[in-house]
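**Student:** So here's run-v5.txt, just compact mmCIF, C-alpha atoms:
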```
# COMPACT_ATOMS: atom_id res chain seq x y z
CA ALA A 26 -27.66 -21.24 -17.36
CA GLU A 27 -29.54 -23.86 -19.40
CA ARG A 28 -26.26 -25.36 -20.59
CA LEU A 29 -25.02 -25.76 -17.02
CA LEU A 30 -28.25 -27.53 -16.08
CA GLY A 31 -27.73 -29.99 -18.91
CA ASN A 32 -30.51 -28.80 -21.20
CA LEU A 33 -28.33 -28.52 -24.30
CA LYS A 34 -31.25 -28.44 -26.74
CA LEU A 35 -32.89 -25.48 -25.02
CA ALA A 36 -29.52 -23.72 -24.73
CA LYS A 37 -28.87 -24.27 -28.44
CA ASP A 38 -32.33 -22.94 -29.31
CA CYS A 39 -31.70 -19.81 -27.23
CA PHE A 40 -28.33 -19.20 -28.88
CA LYS A 41 -29.86 -19.61 -32.33
CA LYS A 42 -32.70 -17.20 -31.54
CA SER A 43 -30.18 -14.67 -30.27
CA LEU A 44 -28.15 -15.12 -33.44
CA GLU A 45 -31.24 -14.47 -35.59
CA ILE A 46 -31.88 -11.20 -33.76
CA PHE A 47 -28.26 -10.04 -34.06
CA GLN A 48 -28.31 -10.84 -37.77
CA GLU A 49 -31.57 -8.90 -38.21
CA ILE A 50 -29.96 -5.80 -36.72
CA ASN A 51 -26.82 -6.44 -38.79
CA SER A 52 -24.49 -6.51 -35.79
CA GLU A 53 -21.02 -8.02 -35.93
CA ALA A 54 -20.79 -8.02 -32.14
CA HIS A 55 -22.09 -11.55 -31.78
CA SER A 56 -18.99 -13.73 -32.02
CA TRP A 57 -19.75 -15.03 -28.52
CA ILE A 58 -22.96 -16.66 -29.81
CA PHE A 59 -20.99 -18.83 -32.21
CA ARG A 60 -18.61 -19.66 -29.38
CA GLY A 61 -21.59 -20.72 -27.25
CA LEU A 62 -22.92 -22.92 -30.06
CA GLY A 63 -19.41 -24.33 -30.40
CA ASP A 64 -19.36 -25.12 -26.68
CA ILE A 65 -22.63 -27.02 -26.98
CA ALA A 66 -21.39 -28.99 -29.99
CA PHE A 67 -18.19 -29.71 -28.04
CA GLU A 68 -20.19 -31.08 -25.11
CA GLU A 69 -22.13 -33.23 -27.56
CA SER A 70 -18.77 -34.52 -28.90
CA ASP A 71 -19.54 -33.03 -32.32
CA PHE A 72 -16.04 -31.65 -32.73
CA THR A 73 -16.39 -30.88 -36.44
CA ALA A 74 -19.42 -28.65 -35.82
CA SER A 75 -17.69 -27.18 -32.79
CA ARG A 76 -14.65 -26.26 -34.88
CA ASP A 77 -16.88 -24.65 -37.52
CA TYR A 78 -18.65 -22.52 -34.91
CA TYR A 79 -15.36 -21.46 -33.34
CA HIS A 80 -14.02 -20.46 -36.75
CA GLN A 81 -17.15 -18.35 -37.33
CA SER A 82 -16.62 -16.76 -33.93
CA LEU A 83 -13.00 -16.01 -34.76
CA SER A 84 -13.94 -14.48 -38.11
CA LEU A 85 -16.46 -12.11 -36.53
CA ALA A 86 -14.13 -11.20 -33.68
CA THR A 87 -11.39 -10.43 -36.20
CA LYS A 88 -13.70 -8.21 -38.25
CA ALA A 89 -14.71 -6.35 -35.09
CA ASN A 90 -11.05 -6.12 -34.00
CA ASN A 91 -12.06 -7.70 -30.68
CA LYS A 92 -8.80 -9.20 -29.46
CA THR A 93 -10.36 -10.70 -26.33
CA ASP A 94 -12.90 -12.68 -28.37
CA CYS A 95 -10.16 -13.64 -30.85
CA ALA A 96 -8.11 -15.07 -27.99
CA ARG A 97 -11.10 -16.98 -26.61
CA SER A 98 -11.89 -18.40 -30.05
CA PHE A 99 -8.29 -19.53 -30.55
CA GLU A 100 -8.37 -21.18 -27.11
CA LYS A 101 -11.54 -23.08 -28.03
CA LEU A 102 -10.10 -24.09 -31.42
CA GLY A 103 -7.06 -25.47 -29.61
CA GLN A 104 -9.28 -27.58 -27.36
CA VAL A 105 -11.12 -28.99 -30.39
CA GLU A 106 -7.91 -29.82 -32.24
CA TYR A 107 -6.61 -31.55 -29.12
CA MET A 108 -9.78 -33.64 -28.87
CA LEU A 109 -9.46 -34.52 -32.57
CA GLY A 110 -5.90 -35.68 -31.95
CA ASN A 111 -4.29 -32.79 -33.81
CA GLU A 112 -2.17 -31.54 -30.95
CA ASN A 113 1.06 -31.85 -32.98
CA ASN A 114 -0.15 -29.84 -36.00
```
Could you write out this file's structure as C-alpha cells?

**Tutor:**
Amino acid sequence: AERLLGNLKLAKDCFKKSLEIFQEINSEAHSWIFRGLGDIAFEESDFTASRDYYHQSLSLATKANNKTDCARSFEKLGQVEYMLGNENN
C-alpha cells in the first residue's frame, strides 16, 4: 500500500524488515520480497539494482520450485532489460 501512495522509502524499509525476519527463520519462501524491492528500484529508475533484486527473487523461487514466482521474476527481468535497451539480447 505504501508503494502505491508514493512513499517508496517507507515501502523499502518495510520490505527490508520483512526480509530480515524471513532470514532469521531461515525461510526460502520470500522471493516476493526481493521482487518488491526490485519494483521499488525500478520505480526509482535504478534498473541495475532492480535487476539484481529480480535475480535474487528468481534464485529463491527456483530453489523452492515455485514456478509461479519464477515466471513473475522472469517477467520483471524482461521489463528491466527492455528499459536498459537490451530487448534484442

**Student:** For A:Asn32, which residue out of A:Ile50, A:Ser98, A:Glu69, A:Ile58 is the nearest one, using all atoms listed in the file?

**Tutor:**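 Of the candidates, the smallest distance to A:Asn32 is held by A:Glu69.
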
**Student:** Record the distance separating atom CA of A:Glu100 and atom CA of A:Ala86, expressed in Å with one decimal.

**Tutor:**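 Taking atom CA of A:Glu100 as the start and atom CA of A:Ala86 as the end point, the length is 13.3 Å.
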
**Student:** Between A:Ser82, A:Lys34, A:Phe59, A:Ile46, which one has atoms that come closest to A:Asp94, using only C-alpha atoms?

**Tutor:**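 Residue with the minimum atom-to-atom distance to A:Asp94: A:Ser82.
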
**Student:** Using all atoms listed in the file, find the one residue out of A:His55, A:Arg60, A:Glu106, A:Ile65 that sits nearest to A:Leu33.

**Tutor:**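 Closest to A:Leu33, using all atoms listed in the file: A:Ile65.
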
**Student:** Could you state the separation of atom CA of A:Gln48 and atom CA of A:Thr87 in Å, given to one decimal place?

**Tutor:**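 Between these atoms lies a distance of 17.0 Å.
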
**Student:** Tell me which of A:Asp71, A:Arg76, A:Ser56, A:Met108 sits closest to A:Lys92, counting all atoms listed in the file.

**Tutor:**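 Of the candidates, the smallest distance to A:Lys92 is held by A:Ser56.
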
**Student:** Taking into account only C-alpha atoms, which residue in the set A:Tyr107, A:Trp57, A:Leu62, A:Phe67 is nearest to A:Asp38?

**Tutor:**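 The shortest atom-to-atom distance to A:Asp38 comes from A:Leu62.
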
**Student:** From the options A:His80, A:Phe72, A:Cys95, A:Ser43, which residue's atoms come nearest to A:Asn111, counting all atoms listed in the file?

**Tutor:**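 For A:Asn111, the nearest of the candidates is A:Phe72.
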
**Student:** What does the distance between atom CA of A:Ser70 and atom CA of A:Lys41 come to in Å, to one decimal place?

**Tutor:**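 About the pair atom CA of A:Ser70 and atom CA of A:Lys41: they are 18.9 Å apart.
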
**Student:** Please provide as a PyMOL selection string all residues within 8 Å of A:Phe99, with the sequence filter that same-chain residues fewer than 3 positions apart are discarded (counting all atoms listed in the file).

**Tutor:** chain A and resi 79+83+95-96+102-103

**Student:** Around stretch 59-78 of chain A, with edges along x, y and z and 3 Å added on all six sides, what centre and edge lengths do you get, in Å to one decimal, as AutoDock Vina command-line options?

**Tutor:**
```
--center_x -18.8 --center_y -26.7 --center_z -31.3 --size_x 14.3 --size_y 21.7 --size_z 18.4
```
